[in-house]
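See structure below.
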Protein chains: 2
Amino acid sequence: MTTPMQAAQAELEAAFPRERLVLDREKLEAYGRDESELGTFPPNVAVAVESAEEVRTIFAVASRHRVPVVPVAARSGKSGGVLALQGGIAISLERMNRVLEISPDDLIARVQPGVNTGLLQAEVEKHGLFYPPDPNSLELCSIGGNVAENAGGPRALKYGVTREYVLGLTAVLPTGEIVRLGKRSIKGVAGYDLTALLVGSEGTLGIVTEITLKLLPRPRHVATGLVVFPSVAAAARAVTKVLTAGILPRCLELLDDVALAAAARTSAYRFPADAGAALLVETDGNDADAVFGELVRLAEVVQSDAQGDVIVAQNEAQRRDIWETRRYLSVNLKTLHPLKLSEDVAVPRSRIPEMVERAKAVGARLGLAVATYGHAGDGNLHCNVLFDRAEERPKVDEAVAEILRAAVDLGGTITGEHGVGLAKRDFLAYEQGEAVVALERRLKAVFDPLGLLNPGKIFPPA
Amino acid sequence: MTTPMQAAQAELEAAFPRERLVLDREKLEAYGRDESELGTFPPNVAVAVESAEEVRTIFAVASRHRVPVVPVAARSGKSGGVLALQGGIAISLERMNRVLEISPDDLIARVQPGVNTGLLQAEVEKHGLFYPPDPNSLELCSIGGNVAENAGGPRALKYGVTREYVLGLTAVLPTGEIVRLGKRSIKGVAGYDLTALLVGSEGTLGIVTEITLKLLPRPRHVATGLVVFPSVAAAARAVTKVLTAGILPRCLELLDDVALAAAARTSAYRFPADAGAALLVETDGNDADAVFGELVRLAEVVQSDAQGDVIVAQNEAQRRDIWETRRYLSVNLKTLHPLKLSEDVAVPRSRIPEMVERAKAVGARLGLAVATYGHAGDGNLHCNVLFDRAEERPKVDEAVAEILRAAVDLGGTITGEHGVGLAKRDFLAYEQGEAVVALERRLKAVFDPLGLLNPGKIFPPA
């Protein structure tokens, strides 16, 4: 007797050249993992596609045999979005990794979804252009994943998130329709904004095969600084003072005391032992004096709340030193505690001190260290629950649940930039309410009437 | 015998105080008109609501009797979005005109939909804050209408359109559900981006009763200039040079020769008789020298394409003079030709000269003058077909149809910022294709299964 999956697989083997199919068990295991630490859920088969038409072929096979389909590319996601919960077919977009066009005249790029984000940035910068979204994983992640998750990053404070840069896209719907959504012009409001609906839909509505991105002129100068504060409250106060003083830096990155202590292990800078928090700040623009002047003005604004002097990078090496303080944080935290679960809440800016305190209190009650850092300028905080032994995991999950609920209670969200995926699907209704979740399920059914595309993500099983 | 509409009206009269109902024929005529020149389509009754719950009451009545509902506020729209094509109930949001909250700490405002956009800008500026979207109608229009149409304006080049500022909203769906969508935090990616889907949905998916807007720190300095060019092609070349030189002005407004000749009637500036186009340019930021310096650099970049010297405003009075050249354009065109139909296409930036030429060619063939002006920085062009007698209207409609199709053929869109509404519903499929329009109709049915909300807008009748 043939199972539906076996029948589907036979059809895929007939339709695709052998070298584009992954059937090897060990390789399939790799396709079933991402950066979420939620376990391994391998697909039964992975197909490396090269076109929208091939995606359509796979949807036809999947629909005939009622087997699930999951899109996958760089597997650097943090929420389990690409895990093949029910097995099935993984559509791998890794071969669709071409930059199709960079147009300085139109200030756009057309790319395939498998393009590495860091590489895309480097490519457009060669033309004096700028693609602002900068998720921390940019050396690993792909633009298709960024679109699926509506990825952010430090520069989102000034420049916004991925959604703000996606002008149009080509997507294949589970029904087999290949749709071109959005536009190539910078503006356009014809019909519903289906492009914005697909951005952040976590690969549950369609599979994106081409993306048209808006670019900006590249700002020519950047100034970077580091400020230490006696407490998170003082740092948060400083953030508000900066913004209400009319300064819009491109980054305002917060580290709390636990994060700072970890960062201190490798940082080029020595922080006071009783430091309570730090802010990494960055301004940019086209006039070197004005950019530096803005940072100096920022320093003046925060000085009364700070502990010690504001460190301002005087050259590129010092700038790198400051960023490495932030960049190696995750690694440094892991040397203190081998295991960690990184959360991704966002709260209204004024609630940052309360959010950090609540996360600490949850940790204290459960006997777990919590290090919080993130994009303070837009209230997006990564609360990292640190632990040493896998047996502590239930306690960690309890801590995470309390942190997510606290974010919602403070007027915020369970996810600022990583997505719901599998990781947070049980908390979606706590944030949005049952009526909104029900509406979202009805929309999902319009795109995917058979429920075959990435099942079990965003929403709990019905 | 009682008609469904009479029965519905009787229920509304029982449910609402008399002074909130409009039943007077003449007043209802006014509710049936906007700035689209598409005619008058009065509702049978208008109700001035004060809350989401009241909107729900009206949807319940409408659903019981199967009568259509149309949302209406400032009636300054250009695409016929509020016209009650099939009569029915107009839900007027004009009484819901309160600014509920301005939070400098969170950099947000919470407002009701009937708030006047210009007034909102003035209010937030009192706090040193900035709400960038600036539709030309900002003294007339309301923020709810801006959300419905995803309004833009000159500053969209640097700051984006309404959608980029709507963090969250409360909407009442035709099914009677009151949903809170989006967030109060700056970032957030939980679930589908229903907020972005409702923005620009032209009052066909739900009626928005509260809006949470993102604000920015207000840039402290602005510099304004005016440059004349021998041709539209030269002006467009200059736009590209500016942007690829790494300069991102907040406005880059184009006037073609016909527009410029009209503007010259009242402008404080004298333009050469053979001027082919002009650009109004504006830079902003926090450092006065840098802002002025950026404009000077811009002037240097465009000088070789320009005709005569770049005019740079040296004070606020000169700045106003420059803007009045642009602002009174519509009035000035009407003194030349009493009637005009203003189009709103957008094309990829590099296609601007071709678009302007095609519009002129269409006019020449049909014996109509066409004046084009608009937001050259983002390719959004208002092609104004000018005429003198109402009998010319069929010819004008033909010209408009050709202009819309030309925009699509050049890779652009039929509407950059005014919306489809009634005006362009027959051209939507030409731009998007039948499959996308069918998908949009299916989404509409999820929100509005009985098809009672703003019927006949965006899509042609099925």
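We label chains A, B, ... in the order they appear in the structure tokens, count residues from 1 in each chain, and number ligands from 1 in the order shown.
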Determine, using only C-alpha atoms, which residues of region 359-425 of chain A have any atom at most 9 Å from an atom of region 141-165 of chain A, and tabulate each with its shortest atom pair and distance in Å to one decimal place, rows ordered by chain and then rising number, as a Markdown table.
| residue | atom | partner | partner_atom | distance |
| --- | --- | --- | --- | --- |
| A:Gly374 | CA | A:Pro154 | CA | 7.9 |
| A:His375 | CA | A:Pro154 | CA | 5.8 |
| A:Ala376 | CA | A:Leu157 | CA | 8.8 |
| A:Gly377 | CA | A:Leu157 | CA | 5.9 |
| A:Asp378 | CA | A:Leu157 | CA | 5.8 |
| A:Gly416 | CA | A:Gly152 | CA | 8.1 |
| A:Glu417 | CA | A:Ala151 | CA | 5.3 |
| A:His418 | CA | A:Glu149 | CA | 6.3 |
| A:Gly419 | CA | A:Glu149 | CA | 5.5 |
| A:Val420 | CA | A:Glu149 | CA | 8.7 |
Run DSSP on the backbone and grab whatever in region 196-333 of chain B lands in strand (DSSP E); send it over as an mmCIF file with N, CA, C and O atoms, in the first residue's frame.
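Okay, part-v4.cif is ready:
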data_model
loop_
_atom_site.group_PDB
_atom_site.id
_atom_site.type_symbol
_atom_site.label_atom_id
_atom_site.label_comp_id
_atom_site.auth_asym_id
_atom_site.auth_seq_id
_atom_site.Cartn_x
_atom_site.Cartn_y
_atom_site.Cartn_z
ATOM 1 N N ILE B 207 -15.030 49.835 9.283
ATOM 2 C CA ILE B 207 -15.035 51.276 9.556
ATOM 3 C C ILE B 207 -14.133 51.529 10.758
ATOM 4 O O ILE B 207 -14.336 50.976 11.837
ATOM 5 N N VAL B 208 -13.124 52.353 10.532
ATOM 6 C CA VAL B 208 -12.105 52.613 11.541
ATOM 7 C C VAL B 208 -12.630 53.661 12.522
ATOM 8 O O VAL B 208 -13.114 54.722 12.106
ATOM 9 N N THR B 209 -12.541 53.361 13.813
ATOM 10 C CA THR B 209 -13.062 54.294 14.817
ATOM 11 C C THR B 209 -11.978 54.852 15.743
ATOM 12 O O THR B 209 -12.240 55.758 16.522
ATOM 13 N N GLU B 210 -10.777 54.294 15.674
ATOM 14 C CA GLU B 210 -9.668 54.860 16.446
ATOM 15 C C GLU B 210 -8.366 54.469 15.767
ATOM 16 O O GLU B 210 -8.247 53.364 15.234
ATOM 17 N N ILE B 211 -7.402 55.380 15.796
ATOM 18 C CA ILE B 211 -6.140 55.163 15.091
ATOM 19 C C ILE B 211 -4.981 55.506 16.016
ATOM 20 O O ILE B 211 -4.990 56.561 16.647
ATOM 21 N N THR B 212 -4.009 54.607 16.110
ATOM 22 C CA THR B 212 -2.777 54.895 16.842
ATOM 23 C C THR B 212 -1.683 55.185 15.823
ATOM 24 O O THR B 212 -1.388 54.347 14.970
ATOM 25 N N LEU B 213 -1.138 56.382 15.894
ATOM 26 C CA LEU B 213 -0.161 56.834 14.909
ATOM 27 C C LEU B 213 1.225 56.951 15.508
ATOM 28 O O LEU B 213 1.383 57.416 16.637
ATOM 29 N N LYS B 214 2.195 56.553 14.755
ATOM 30 C CA LYS B 214 3.597 56.775 15.115
ATOM 31 C C LYS B 214 3.967 58.221 14.790
ATOM 32 O O LYS B 214 3.591 58.744 13.732
ATOM 33 N N LEU B 216 7.263 61.264 14.875
ATOM 34 C CA LEU B 216 8.723 61.423 14.854
ATOM 35 C C LEU B 216 9.081 62.704 15.591
ATOM 36 O O LEU B 216 8.243 63.582 15.770
ATOM 37 N N PRO B 217 10.344 62.813 16.018
ATOM 38 C CA PRO B 217 10.796 64.125 16.482
ATOM 39 C C PRO B 217 10.714 65.102 15.300
ATOM 40 O O PRO B 217 10.985 64.713 14.159
ATOM 41 N N HIS B 221 15.000 72.247 11.134
ATOM 42 C CA HIS B 221 15.293 73.187 10.042
ATOM 43 C C HIS B 221 14.865 72.631 8.686
ATOM 44 O O HIS B 221 14.956 71.430 8.453
ATOM 45 N N VAL B 222 14.413 73.533 7.848
ATOM 46 C CA VAL B 222 13.979 73.186 6.491
ATOM 47 C C VAL B 222 14.603 74.200 5.535
ATOM 48 O O VAL B 222 14.675 75.389 5.856
ATOM 49 N N ALA B 223 15.067 73.730 4.387
ATOM 50 C CA ALA B 223 15.546 74.650 3.340
ATOM 51 C C ALA B 223 14.796 74.345 2.056
ATOM 52 O O ALA B 223 14.553 73.180 1.736
ATOM 53 N N THR B 224 14.418 75.399 1.335
ATOM 54 C CA THR B 224 13.536 75.248 0.173
ATOM 55 C C THR B 224 14.142 75.937 -1.041
ATOM 56 O O THR B 224 14.698 77.035 -0.908
ATOM 57 N N GLY B 225 14.022 75.300 -2.184
ATOM 58 C CA GLY B 225 14.559 75.893 -3.408
ATOM 59 C C GLY B 225 13.680 75.610 -4.607
ATOM 60 O O GLY B 225 12.771 74.766 -4.555
ATOM 61 N N LEU B 226 13.920 76.350 -5.671
ATOM 62 C CA LEU B 226 13.147 76.209 -6.907
ATOM 63 C C LEU B 226 14.142 76.240 -8.065
ATOM 64 O O LEU B 226 15.012 77.112 -8.107
ATOM 65 N N VAL B 227 14.018 75.280 -8.968
ATOM 66 C CA VAL B 227 14.936 75.185 -10.098
ATOM 67 C C VAL B 227 14.125 75.063 -11.383
ATOM 68 O O VAL B 227 13.180 74.269 -11.434
ATOM 69 N N VAL B 228 14.499 75.836 -12.385
ATOM 70 C CA VAL B 228 13.820 75.762 -13.681
ATOM 71 C C VAL B 228 14.685 74.950 -14.645
ATOM 72 O O VAL B 228 15.920 74.980 -14.548
ATOM 73 N N PHE B 229 14.019 74.193 -15.523
ATOM 74 C CA PHE B 229 14.723 73.341 -16.483
ATOM 75 C C PHE B 229 14.184 73.596 -17.888
ATOM 76 O O PHE B 229 13.032 73.990 -18.049
ATOM 77 N N CYS B 251 11.264 66.773 -0.193
ATOM 78 C CA CYS B 251 10.353 66.925 -1.329
ATOM 79 C C CYS B 251 11.144 67.152 -2.614
ATOM 80 O O CYS B 251 12.174 67.829 -2.605
ATOM 81 N N LEU B 252 10.615 66.624 -3.691
ATOM 82 C CA LEU B 252 11.124 66.886 -5.046
ATOM 83 C C LEU B 252 9.889 66.986 -5.926
ATOM 84 O O LEU B 252 9.433 65.994 -6.483
ATOM 85 N N GLU B 253 9.316 68.186 -6.013
ATOM 86 C CA GLU B 253 8.048 68.370 -6.708
ATOM 87 C C GLU B 253 8.276 68.890 -8.112
ATOM 88 O O GLU B 253 8.972 69.897 -8.307
ATOM 89 N N LEU B 254 7.656 68.221 -9.084
ATOM 90 C CA LEU B 254 7.822 68.581 -10.493
ATOM 91 C C LEU B 254 6.622 69.369 -11.019
ATOM 92 O O LEU B 254 5.481 69.075 -10.676
ATOM 93 N N LEU B 255 6.896 70.366 -11.844
ATOM 94 C CA LEU B 255 5.854 71.042 -12.635
ATOM 95 C C LEU B 255 6.286 70.986 -14.091
ATOM 96 O O LEU B 255 7.430 71.341 -14.402
ATOM 97 N N ASP B 256 5.400 70.550 -14.994
ATOM 98 C CA ASP B 256 5.781 70.575 -16.407
ATOM 99 C C ASP B 256 5.500 71.963 -16.990
ATOM 100 O O ASP B 256 5.100 72.887 -16.261
ATOM 101 N N ALA B 277 10.142 72.998 -17.466
ATOM 102 C CA ALA B 277 9.751 72.305 -16.232
ATOM 103 C C ALA B 277 10.394 73.013 -15.054
ATOM 104 O O ALA B 277 11.309 73.833 -15.224
ATOM 105 N N ALA B 278 9.907 72.709 -13.866
ATOM 106 C CA ALA B 278 10.555 73.218 -12.658
ATOM 107 C C ALA B 278 10.497 72.152 -11.576
ATOM 108 O O ALA B 278 9.627 71.279 -11.600
ATOM 109 N N LEU B 279 11.453 72.234 -10.669
ATOM 110 C CA LEU B 279 11.439 71.364 -9.494
ATOM 111 C C LEU B 279 11.428 72.237 -8.246
ATOM 112 O O LEU B 279 12.212 73.180 -8.135
ATOM 113 N N LEU B 280 10.520 71.890 -7.335
ATOM 114 C CA LEU B 280 10.527 72.503 -6.023
ATOM 115 C C LEU B 280 11.218 71.496 -5.110
ATOM 116 O O LEU B 280 10.803 70.329 -5.040
ATOM 117 N N VAL B 281 12.261 71.943 -4.435
ATOM 118 C CA VAL B 281 13.047 70.997 -3.640
ATOM 119 C C VAL B 281 13.116 71.469 -2.199
ATOM 120 O O VAL B 281 13.098 72.664 -1.919
ATOM 121 N N GLU B 282 13.191 70.504 -1.296
ATOM 122 C CA GLU B 282 13.223 70.875 0.121
ATOM 123 C C GLU B 282 14.049 69.840 0.884
ATOM 124 O O GLU B 282 13.856 68.637 0.721
ATOM 125 N N THR B 283 14.966 70.328 1.714
ATOM 126 C CA THR B 283 15.736 69.440 2.590
ATOM 127 C C THR B 283 15.376 69.776 4.030
ATOM 128 O O THR B 283 14.916 70.883 4.320
ATOM 129 N N ASP B 284 15.556 68.804 4.931
ATOM 130 C CA ASP B 284 15.286 69.106 6.343
ATOM 131 C C ASP B 284 16.225 68.333 7.252
ATOM 132 O O ASP B 284 16.918 67.418 6.805
ATOM 133 N N GLY B 285 16.267 68.735 8.508
ATOM 134 C CA GLY B 285 17.140 68.091 9.481
ATOM 135 C C GLY B 285 17.268 68.978 10.707
ATOM 136 O O GLY B 285 16.548 69.965 10.845
ATOM 137 N N ILE B 311 17.021 78.945 -7.349
ATOM 138 C CA ILE B 311 16.521 79.915 -6.362
ATOM 139 C C ILE B 311 16.480 79.232 -5.005
ATOM 140 O O ILE B 311 15.840 78.189 -4.853
ATOM 141 N N VAL B 312 17.181 79.784 -4.038
ATOM 142 C CA VAL B 312 17.141 79.208 -2.694
ATOM 143 C C VAL B 312 16.495 80.219 -1.758
ATOM 144 O O VAL B 312 16.931 81.374 -1.682
#
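In this comparison, which uses only C-alpha atoms, the residue of B:Leu381, B:Ala234, B:Leu368, B:Ala346 approaching chain A most closely is B:Ala346.
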Next on the checklist: Env of Ser79 (chain B): 12 Å cut, atoms = only C-alpha atoms, seq-sep filter 4 positions within chain, self excluded. Answer as number ranges by chain.
Outcome noted: A: 189-190; B: 33-39, 75, 83, 145, 148-149, 202, 341-344, 414-425, 457-458
Checklist entry - Closest to chain A among B:Met355, B:Cys383, B:Val199, B:Ala171, using only C-alpha atoms? => result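 So, comparing all the options, the nearest one is B:Val199.
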Item to check | Near-Phe16 (chain A) list (12 Å; only C-alpha atoms; drop same-chain fewer than 4 positions) as JSON, numbers by chain | outcome: {"A": [9, 10, 11, 12, 20, 21, 22, 46, 47, 48, 49, 50, 54, 55, 57, 58]}
Item to check | Option closest in space to Pro460 (chain A), from B:Arg18, B:Gly191, B:Arg220, B:Ala401 [counting only C-alpha atoms] | outcome: B:Gly191
Next on the checklist: To one decimal place in Å, what is the distance between CA of Glu125 (chain B) and CA of Lys241 (chain A)?
Outcome noted: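 Those two atoms sit 16.4 Å apart.
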Checklist entry - Which neighbours of Ala263 (chain A) fall inside 8 Å, counting only C-alpha atoms, when residues of the same chain fewer than 5 positions from it are skipped, and could you give them as a list in words? => result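 Counting only C-alpha atoms, the residues come to Thr325, Arg326, Tyr328, Leu329, Asn332 and Leu333 of chain A.
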Take the residues just selected and output them with N, CA and C atoms as a PDB file, in the first residue's frame.
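Once everything was written out, this is part19.pdb:
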ATOM      1  N   THR A 325      30.990  45.053  21.296  1.00  0.00           N
ATOM      2  CA  THR A 325      30.411  44.948  22.632  1.00  0.00           C
ATOM      3  C   THR A 325      28.983  44.401  22.534  1.00  0.00           C
ATOM      4  N   ARG A 326      28.266  44.878  21.526  1.00  0.00           N
ATOM      5  CA  ARG A 326      26.890  44.436  21.333  1.00  0.00           C
ATOM      6  C   ARG A 326      26.829  43.108  20.584  1.00  0.00           C
ATOM      7  N   TYR A 328      28.922  40.525  20.219  1.00  0.00           N
ATOM      8  CA  TYR A 328      29.348  39.270  20.834  1.00  0.00           C
ATOM      9  C   TYR A 328      28.590  38.943  22.109  1.00  0.00           C
ATOM     10  N   LEU A 329      27.549  39.702  22.346  1.00  0.00           N
ATOM     11  CA  LEU A 329      26.786  39.533  23.563  1.00  0.00           C
ATOM     12  C   LEU A 329      26.240  38.132  23.702  1.00  0.00           C
ATOM     13  N   ASN A 332      28.927  35.741  24.526  1.00  0.00           N
ATOM     14  CA  ASN A 332      29.396  35.957  25.899  1.00  0.00           C
ATOM     15  C   ASN A 332      28.405  35.433  26.932  1.00  0.00           C
ATOM     16  N   LEU A 333      27.126  35.603  26.656  1.00  0.00           N
ATOM     17  CA  LEU A 333      26.114  35.081  27.582  1.00  0.00           C
ATOM     18  C   LEU A 333      26.208  33.565  27.652  1.00  0.00           C
TER      19      LEU A 333
END
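Each of A:Glu101, A:Glu177, A:Glu29, A:Asp397 was checked against chain B using only C-alpha atoms; the smallest atom-to-atom distance is that of A:Glu177.
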Item to check | alpha helix (DSSP H) positions in region 354-454 of chain A, given as number ranges by chain | outcome: A: 354-366, 393-409, 428-432, 434-447
